[in-house]
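Participant: Below is the file coords19.txt, with compact mmCIF, C-alpha atoms.
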```
# COMPACT_ATOMS: atom_id res chain seq x y z
CA MET A 1 66.06 91.95 80.56
CA ASP A 2 65.99 94.12 83.69
CA GLU A 3 68.19 91.62 85.45
CA ILE A 4 70.84 91.87 82.76
CA GLY A 5 70.60 95.65 82.88
CA ALA A 6 70.97 95.65 86.66
CA PHE A 7 73.93 93.30 86.41
CA LEU A 8 75.66 95.47 83.83
CA ALA A 9 74.98 98.62 85.87
CA MET A 10 76.89 97.17 88.88
CA GLY A 11 74.86 99.26 91.31
CA GLY A 12 75.85 102.46 89.50
CA TYR A 13 79.58 101.64 89.49
CA ALA A 14 79.62 100.05 86.03
CA GLY A 15 82.41 102.27 84.73
CA PHE A 16 84.78 101.41 87.55
CA VAL A 17 84.04 97.69 87.91
CA TRP A 18 84.04 96.87 84.19
CA SER A 19 87.12 99.00 83.54
CA ALA A 20 88.99 97.11 86.28
CA TYR A 21 88.09 93.73 84.79
CA GLY A 22 88.80 95.09 81.33
CA VAL A 23 92.30 96.29 82.27
CA ALA A 24 93.13 92.92 83.85
CA PHE A 25 91.79 91.01 80.86
CA ALA A 26 93.60 93.21 78.33
CA VAL A 27 96.96 93.07 80.12
CA LEU A 28 96.93 89.32 80.89
CA GLY A 29 95.42 88.45 77.50
CA GLY A 30 97.95 90.60 75.68
CA LEU A 31 100.84 89.11 77.64
CA SER A 32 99.59 85.57 76.96
CA VAL A 33 99.21 86.16 73.21
CA HIS A 34 102.61 87.87 73.05
CA SER A 35 104.32 85.04 74.99
CA TRP A 36 102.69 82.38 72.84
CA ARG A 37 103.59 84.09 69.54
CA ARG A 38 107.21 84.56 70.60
CA TYR A 39 107.36 80.93 71.69
CA ARG A 40 105.99 79.69 68.36
CA GLY A 41 108.33 82.02 66.49
CA SER A 42 111.37 80.75 68.39
CA MET A 43 110.33 77.13 67.71
CA VAL A 44 109.90 77.72 63.97
CA ASN A 45 113.16 79.65 63.80
CA LEU A 46 115.10 76.92 65.62
CA ASP A 47 113.63 74.12 63.49
CA GLN A 48 114.48 76.01 60.32
CA LEU A 49 118.03 76.67 61.53
CA GLN A 50 118.58 73.02 62.45
CA LYS A 51 117.27 71.94 59.05
CA ASP A 52 119.54 74.42 57.21
CA LEU A 53 122.61 73.40 59.19
CA GLY A 54 121.85 69.69 58.78
CA ARG A 55 121.65 70.13 55.01
CA ARG A 56 124.99 71.90 54.89
CA ARG A 57 126.83 69.09 56.70
CA MET B 1 114.05 68.03 93.56
CA ILE B 2 115.18 71.52 92.57
CA ASN B 3 118.45 70.14 91.26
CA TRP B 4 116.62 67.47 89.33
CA LEU B 5 114.32 70.08 87.75
CA ALA B 6 117.15 72.50 87.12
CA ASN B 7 118.53 70.45 84.25
CA PRO B 8 117.62 72.35 81.06
CA ALA B 9 116.97 69.18 79.01
CA ARG B 10 114.67 67.83 81.68
CA PHE B 11 112.96 71.19 81.99
CA VAL B 12 112.19 71.22 78.26
CA ARG B 13 110.68 67.73 78.38
CA LEU B 14 108.69 68.42 81.53
CA SER B 15 107.39 71.81 80.42
CA ALA B 16 106.24 70.38 77.07
CA LYS B 17 103.80 68.24 79.03
CA ALA B 18 103.01 70.76 81.75
CA VAL B 19 102.20 73.78 79.57
CA PRO B 20 98.97 72.45 77.99
CA TRP B 21 97.81 70.94 81.29
CA CYS B 22 98.46 74.06 83.34
CA GLY B 23 97.11 76.25 80.54
CA TRP B 24 93.72 74.56 80.37
CA THR B 25 93.48 74.28 84.15
CA ALA B 26 94.24 78.00 84.44
CA ALA B 27 91.51 78.81 81.88
CA VAL B 28 88.91 76.69 83.72
CA VAL B 29 89.85 78.01 87.17
CA LEU B 30 89.79 81.63 85.95
CA ALA B 31 86.39 81.06 84.29
CA ILE B 32 84.98 79.68 87.55
CA GLY B 33 86.61 82.52 89.49
CA LEU B 34 85.17 85.17 87.18
CA PHE B 35 81.68 83.66 87.33
CA TRP B 36 81.85 83.50 91.12
CA SER B 37 83.24 87.04 91.47
CA LEU B 38 80.72 88.66 89.12
CA PHE B 39 77.52 86.65 89.70
CA VAL B 40 77.65 84.63 92.92
CA ALA B 41 79.56 86.80 95.41
CA PRO B 42 77.32 89.29 97.24
CA PRO B 43 77.76 93.07 96.99
CA ASP B 44 79.40 94.64 100.04
CA TYR B 45 77.05 96.32 102.52
CA GLN B 46 79.13 99.52 102.40
CA GLN B 47 80.94 99.40 99.07
CA GLY B 48 78.18 97.88 96.96
CA ASP B 49 79.34 96.30 93.72
CA THR B 50 82.74 98.05 93.69
CA VAL B 51 83.88 95.29 96.04
CA ARG B 52 84.02 93.05 92.96
CA ILE B 53 87.16 94.92 91.94
CA MET B 54 88.79 93.17 94.91
CA TYR B 55 88.70 89.81 93.13
CA VAL B 56 91.15 91.13 90.53
CA HIS B 57 93.00 93.70 92.62
CA VAL B 58 94.01 91.54 95.60
CA PRO B 59 95.17 88.42 93.70
CA ALA B 60 97.13 90.71 91.34
CA ALA B 61 98.78 92.35 94.37
CA TRP B 62 99.68 88.93 95.83
CA MET B 63 101.17 87.92 92.49
CA ALA B 64 103.09 91.19 92.21
CA LEU B 65 104.82 90.43 95.52
CA SER B 66 105.34 86.69 95.11
CA VAL B 67 106.63 86.97 91.53
CA TYR B 68 109.13 89.56 92.72
CA LEU B 69 110.25 87.15 95.45
CA PHE B 70 110.59 84.47 92.77
CA VAL B 71 112.75 86.78 90.62
CA ALA B 72 114.93 87.59 93.63
CA VAL B 73 115.38 83.94 94.69
CA ALA B 74 116.13 82.85 91.12
CA SER B 75 118.61 85.76 90.83
CA ALA B 76 120.34 84.67 94.03
CA VAL B 77 120.60 81.07 92.79
CA GLY B 78 121.93 82.33 89.49
CA LEU B 79 124.50 84.56 91.19
CA VAL B 80 125.73 81.99 93.71
CA TRP B 81 125.60 78.74 91.74
CA ARG B 82 125.77 80.23 88.24
CA HIS B 83 122.98 77.96 87.16
CA PRO B 84 121.88 78.85 83.60
CA LEU B 85 118.19 78.03 84.18
CA ALA B 86 117.91 80.24 87.27
CA GLU B 87 118.82 83.37 85.34
CA VAL B 88 116.53 82.37 82.47
CA ALA B 89 113.72 81.95 85.01
CA ALA B 90 114.32 85.35 86.62
CA ARG B 91 114.34 87.12 83.26
CA ALA B 92 111.22 85.29 82.09
CA ALA B 93 109.27 86.03 85.28
CA ALA B 94 109.96 89.77 85.54
CA PRO B 95 107.62 90.98 82.74
CA ILE B 96 104.82 88.79 84.14
CA GLY B 97 105.33 90.31 87.58
CA ALA B 98 105.34 93.80 86.07
CA ALA B 99 102.02 93.02 84.35
CA PHE B 100 100.44 91.91 87.65
CA THR B 101 101.79 95.01 89.42
CA PHE B 102 100.32 97.24 86.71
CA ILE B 103 96.93 95.50 87.08
CA CYS B 104 97.13 95.97 90.85
CA LEU B 105 97.83 99.70 90.49
CA ALA B 106 95.23 100.30 87.76
CA THR B 107 92.42 98.38 89.48
CA GLY B 108 93.34 99.99 92.81
CA SER B 109 92.98 103.37 91.20
CA LEU B 110 89.59 102.40 89.74
CA TRP B 111 88.52 101.24 93.18
CA GLY B 112 89.94 104.26 95.00
CA ARG B 113 88.07 106.84 92.90
CA PRO B 114 84.53 105.79 93.93
CA MET B 115 85.44 104.68 97.50
CA TRP B 116 88.08 107.19 98.64
CA GLY B 117 87.22 109.95 96.20
CA ALA B 118 90.73 109.94 94.71
CA TRP B 119 92.39 108.10 91.83
CA TRP B 120 95.70 108.23 93.62
CA VAL B 121 97.12 109.28 96.99
CA TRP B 122 100.79 109.34 97.91
CA ASP B 123 100.46 107.15 100.95
CA ALA B 124 102.79 104.36 102.05
CA ARG B 125 101.02 101.37 100.50
CA LEU B 126 100.39 102.92 97.09
CA THR B 127 103.81 104.52 96.84
CA SER B 128 105.68 101.35 97.82
CA VAL B 129 103.76 99.33 95.20
CA LEU B 130 104.56 101.99 92.61
CA ILE B 131 108.24 101.57 93.57
CA LEU B 132 107.83 97.80 93.09
CA PHE B 133 106.55 98.50 89.56
CA PHE B 134 109.59 100.68 88.85
CA LEU B 135 111.88 97.97 90.27
CA TYR B 136 110.41 95.52 87.77
CA LEU B 137 110.86 98.00 84.90
CA GLY B 138 114.40 98.79 86.06
CA TYR B 139 115.27 95.09 86.22
CA ILE B 140 113.90 94.46 82.72
CA ALA B 141 115.73 97.48 81.29
CA LEU B 142 118.98 96.55 83.04
CA VAL B 143 119.18 92.89 81.96
CA ASN B 144 118.56 93.96 78.36
CA ALA B 145 121.01 96.87 78.43
CA PHE B 146 124.16 94.75 78.10
CA ASP B 147 125.51 93.17 74.92
CA ASP B 148 127.14 90.62 77.18
CA HIS B 149 124.25 88.43 78.27
CA SER B 150 125.81 87.18 81.49
CA ARG B 151 126.91 90.64 82.64
CA GLY B 152 123.37 91.93 82.15
CA GLY B 153 122.06 88.98 84.12
CA ARG B 154 124.41 89.66 87.01
CA ALA B 155 123.64 93.38 87.15
CA GLY B 156 119.91 92.63 87.09
CA ALA B 157 120.30 90.01 89.81
CA VAL B 158 121.96 92.53 92.13
CA LEU B 159 119.16 95.05 91.51
CA ALA B 160 116.53 92.36 92.14
CA LEU B 161 118.17 91.40 95.44
CA VAL B 162 118.53 94.99 96.65
CA GLY B 163 114.85 95.55 95.80
CA VAL B 164 113.76 92.76 98.13
CA VAL B 165 113.89 95.30 100.97
CA ASN B 166 110.74 96.81 99.42
CA LEU B 167 108.65 93.64 99.96
CA PRO B 168 108.27 93.86 103.79
CA ILE B 169 107.76 97.62 103.40
CA ILE B 170 104.78 96.93 101.12
CA LYS B 171 103.40 94.19 103.36
CA PHE B 172 103.60 96.18 106.59
CA SER B 173 103.06 99.66 105.16
CA VAL B 174 99.42 99.54 106.27
CA ASP B 175 100.50 98.87 109.86
CA TRP B 176 103.53 101.17 110.10
CA TRP B 177 101.97 104.29 108.66
CA ASN B 178 98.60 105.98 108.61
CA THR B 179 97.16 105.18 105.24
CA LEU B 180 93.89 105.24 103.37
CA HIS B 181 94.49 101.65 102.34
CA GLN B 182 92.82 99.11 104.59
CA PRO B 183 95.00 96.73 106.63
CA ALA B 184 95.35 93.06 105.73
CA SER B 185 92.15 91.04 106.08
CA VAL B 186 93.22 87.68 104.66
CA MET B 187 96.90 87.08 105.45
CA ARG B 188 96.88 88.23 109.07
CA VAL B 189 97.64 86.81 112.48
CA GLY B 190 94.47 85.17 113.77
CA GLY B 191 93.17 84.07 110.38
CA PRO B 192 91.20 85.77 107.62
CA ARG B 193 88.61 88.37 108.64
CA ILE B 194 86.52 88.10 105.54
CA ASP B 195 83.33 86.13 104.92
CA ILE B 196 83.64 82.80 103.11
CA SER B 197 81.26 84.04 100.37
CA MET B 198 83.91 86.60 99.42
CA LEU B 199 87.01 84.63 100.45
CA ALA B 200 86.18 81.67 98.16
CA PRO B 201 86.14 83.59 94.84
CA LEU B 202 89.19 85.55 96.01
CA LEU B 203 91.21 82.36 96.54
CA ILE B 204 89.97 80.83 93.27
CA MET B 205 91.08 83.90 91.34
CA ALA B 206 94.43 83.78 93.15
CA LEU B 207 94.84 80.13 92.14
CA GLY B 208 93.95 81.01 88.54
CA PHE B 209 96.51 83.84 88.48
CA THR B 210 99.16 81.51 89.92
CA LEU B 211 98.49 78.86 87.28
CA LEU B 212 98.59 81.51 84.56
CA PHE B 213 101.93 82.70 85.92
CA VAL B 214 103.33 79.14 85.80
CA VAL B 215 102.20 78.68 82.19
CA LEU B 216 103.57 82.03 81.02
CA LEU B 217 106.80 81.45 82.92
CA MET B 218 107.36 78.07 81.24
CA LEU B 219 106.48 79.47 77.80
CA ARG B 220 108.85 82.42 78.20
CA MET B 221 111.65 80.20 79.54
CA ARG B 222 111.26 77.84 76.59
CA THR B 223 111.38 80.83 74.24
CA ALA B 224 114.61 82.08 75.84
CA LEU B 225 116.20 78.61 75.67
CA ASN B 226 115.21 78.29 72.00
CA GLU B 227 116.65 81.71 71.19
CA ARG B 228 119.92 80.92 72.97
CA ARG B 229 120.18 77.58 71.24
CA ALA B 230 119.60 79.23 67.86
CA MET B 231 122.28 81.80 68.62
CA ALA B 232 124.72 79.07 69.68
CA LEU B 233 124.01 77.10 66.49
CA ARG B 234 124.60 80.18 64.36
CA LEU B 235 127.87 80.91 66.17
CA ASN B 236 129.07 77.31 65.84
CA ALA B 237 128.22 77.32 62.14
CA GLY B 238 130.19 80.52 61.68
CA ALA B 239 127.18 82.21 60.17
CA ALA B 240 127.16 85.02 62.69
CA PRO B 241 129.63 87.89 62.85
CA ALA B 242 132.60 87.32 65.15
CA PRO B 243 131.40 87.51 68.75
CA ARG B 244 132.67 90.19 71.05
CA PRO B 245 134.74 89.01 74.01
CA GLY B 246 132.47 87.86 76.79
CA ARG B 247 129.68 86.84 74.50
CA GLU B 248 131.36 83.51 73.76
CA ARG B 249 131.41 82.77 77.44
CA ALA B 250 127.75 83.63 77.77
CA VAL B 251 126.77 81.37 74.91
CA SER B 252 129.00 78.44 75.73
CA ALA B 253 127.24 78.00 79.05
CA HIS B 254 124.07 77.19 77.14
CA THR B 255 125.31 75.08 74.27
CA ALA B 256 124.49 72.01 76.34
CA VAL B 257 120.81 72.85 75.98
CA PRO B 258 119.20 70.44 73.51
```
Please express what this file holds, its structure, as C-alpha cells.
Facilitator:
Amino acid sequence: MDEIGAFLAMGGYAGFVWSAYGVAFAVLGGLSVHSWRRYRGSMVNLDQLQKDLGRRR
Amino acid sequence: MINWLANPARFVRLSAKAVPWCGWTAAVVLAIGLFWSLFVAPPDYQQGDTVRIMYVHVPAAWMALSVYLFVAVASAVGLVWRHPLAEVAARAAAPIGAAFTFICLATGSLWGRPMWGAWWVWDARLTSVLILFFLYLGYIALVNAFDDHSRGGRAGAVLALVGVVNLPIIKFSVDWWNTLHQPASVMRVGGPRIDISMLAPLLIMALGFTLLFVVLLMLRMRTALNERRAMALRLNAGAAPAPRPGRERAVSAHTAVP
C-alpha cells in the first residue's frame, strides 16, 4: 500500500507529473476520438449518398 | 515510391490496411513507453520524479517540429506539382502538429514551475515554440477561411513555407541565446548525453507518438477524401446549389477519387 502511495506521490511532485501526463492523454485521446468519429461519419455519409444516387439512376 | 503512393485510389486501399495495424502498434508501443517512463526509469538525482515529465515533453516537442516540416514539405509539393493528395496531407497534419505543440508547451510549463520556479519565461526557446503554435493555428484558420478550397490551400501553403524559418530558430535557440532551457542532450554532435535508462523510454515514447501521428494522419486524410467525394457527387447530381466560380475547379480535381 505504501509503495502505491509513494508512486502516486511522485516524490512530492504529484501535481506536476500527473497533470503533465493528464494533459497529454486528454489532448491526444480527444484528437483520436474526434478524428475517428469524423472518419466514421464521412464514411456513413458517403455510403448513404452513393445509395441514394444509385437508386435515382 | 512517393509517386506510387501519391495516387489517391492507391492511398485509400493502402491506408485501409495500414490504419488498424499502425493503430494497434501505436497503442502497444505507447503502453510499453508509459510503463517504462512511470515505473522503470529512475528518478533524476537533481530533479527527482519531475524528470518523468520529459518522456512526454521531449517527444511532443520533436513531433511539433517534424510535423511542421511535414506540413511545409507537403505544401511545397502541393504548390509546385499541384498534387491533390499533398494538400490533403498538409491540411490533415496541421491539427495533429498543433496538438503536439500544445502538449509540449503545457508539459514544459508544468515542468518549469517546480524546476525553474516559473510557469513561463519569455526566453528564446519558449517564445519560438509559442510562435510555432501560432503558426499552426494561423495555417488552420487560413486554409479554412476561403470558400474556394484550392485558394485556401495555396494561401496556407505559402504561410507554412514562410514559417519554416522558425524551425532552425527553435532548434538552435538554446545555443544562440542565453536561456533557462537546457541545451540539446539527445540530438547533438557527438551523440546523446543521456543515460540509456532514460534514453530508452524516451525513444519508445517518441516511436509511439510517431505511430499515432501516422494513424491520425491517414484517418484525417481519408475523412477529407470522403468529404470531397461526397461534395463532388452532390454537385454532379445537381443536388447542391450552383457552385461559385472557382469551386468547380477545386472539386473537379478530386472527382477522380474513388
Participant: Enter the distance from atom CA of A:Asp47 to atom CA of B:Ala237, in Å, rounded to one decimal.
Facilitator: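 One can read the atom CA of A:Asp47 to atom CA of B:Ala237 distance as 15.0 Å.
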Participant: For a cutoff of 12 Å around the file-coordinate point (108.2, 92.2, 103.1), which residues qualify once you count all atoms listed in the file? I'd like the result as a list in words.
Facilitator: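 Every residue inside that radius is included here: Trp62, Leu65, Ser66, Tyr68, Leu69, Arg125, Ser128, Val129, Leu132, Gly163, Val164, Val165, Asn166, Leu167, Pro168, Ile169, Ile170, Lys171, Phe172, Ser173 and Val174 of chain B.
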Participant: Hey, which bits of chain A sit within 6 Å of chain B, and for each residue what's the closest pair of atoms and how far apart in Å (one decimal), counting all atoms listed in the file, rows by chain and increasing number, as a tab-separated table?
Facilitator:
```
residue	atom	partner	partner_atom	distance
A:Met10	CA	B:Asp49	CA	5.5
A:Gly11	CA	B:Asp49	CA	5.9
A:Phe16	CA	B:Leu110	CA	5.4
A:Val17	CA	B:Ile53	CA	5.8
A:Ala20	CA	B:Thr107	CA	4.9
A:Ala24	CA	B:Ile103	CA	5.6
A:Tyr39	CA	B:Thr223	CA	4.8
A:Ser42	CA	B:Asn226	CA	5.8
A:Leu46	CA	B:Ala230	CA	5.5
```
Participant: When you count only C-alpha atoms, which of these residues is closest to A:Leu28: B:Ala232, B:Leu137, B:Ala16, B:Leu30?
Facilitator: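 Among the listed residues, the smallest separation from A:Leu28 belongs to B:Leu30.
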Participant: Pick out the closest residue to B:Pro42 from this set: B:Ala200, B:Ala27, B:Leu180, B:Val162. Count all atoms listed in the file.
Facilitator: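 Looking only at the distances to B:Pro42, the closest residue turns out to be B:Ala200.
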Participant: State, in Å with one decimal place, the distance from atom CA of B:Ala31 to atom CA of A:Phe25.
Facilitator: 11.8 Å
Participant: Just to confirm, what's the straight-line distance from atom CA of B:Asp123 to atom CA of B:Ala64 in Å (one decimal)?
Facilitator: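 Computing the Euclidean distance for atom CA of B:Asp123 and atom CA of B:Ala64 yields 18.4 Å.
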Participant: Taking (90.5, 91.8, 106.7) in the file's coordinates, which residues come within 6 Å, counting all atoms listed in the file, written as a PyMOL selection string?
Facilitator: chain B and resi 184-186+193-194
Participant: Which residue out of B:Leu135, B:Asn7, B:Arg151, B:Val40 has the minimum interatomic distance to B:Pro84 when all atoms listed in the file are used?
Facilitator: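 Result for the nearest residue to B:Pro84: B:Asn7.
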Participant: Extract, using only C-alpha atoms, all DNA, RNA and protein residues at most 8 Å from B:Gly33, discarding same-chain residues fewer than 4 positions from it, and format them as a VMD selection string.
Facilitator: chain B and resid 29 37 201 to 202 204 to 205 208
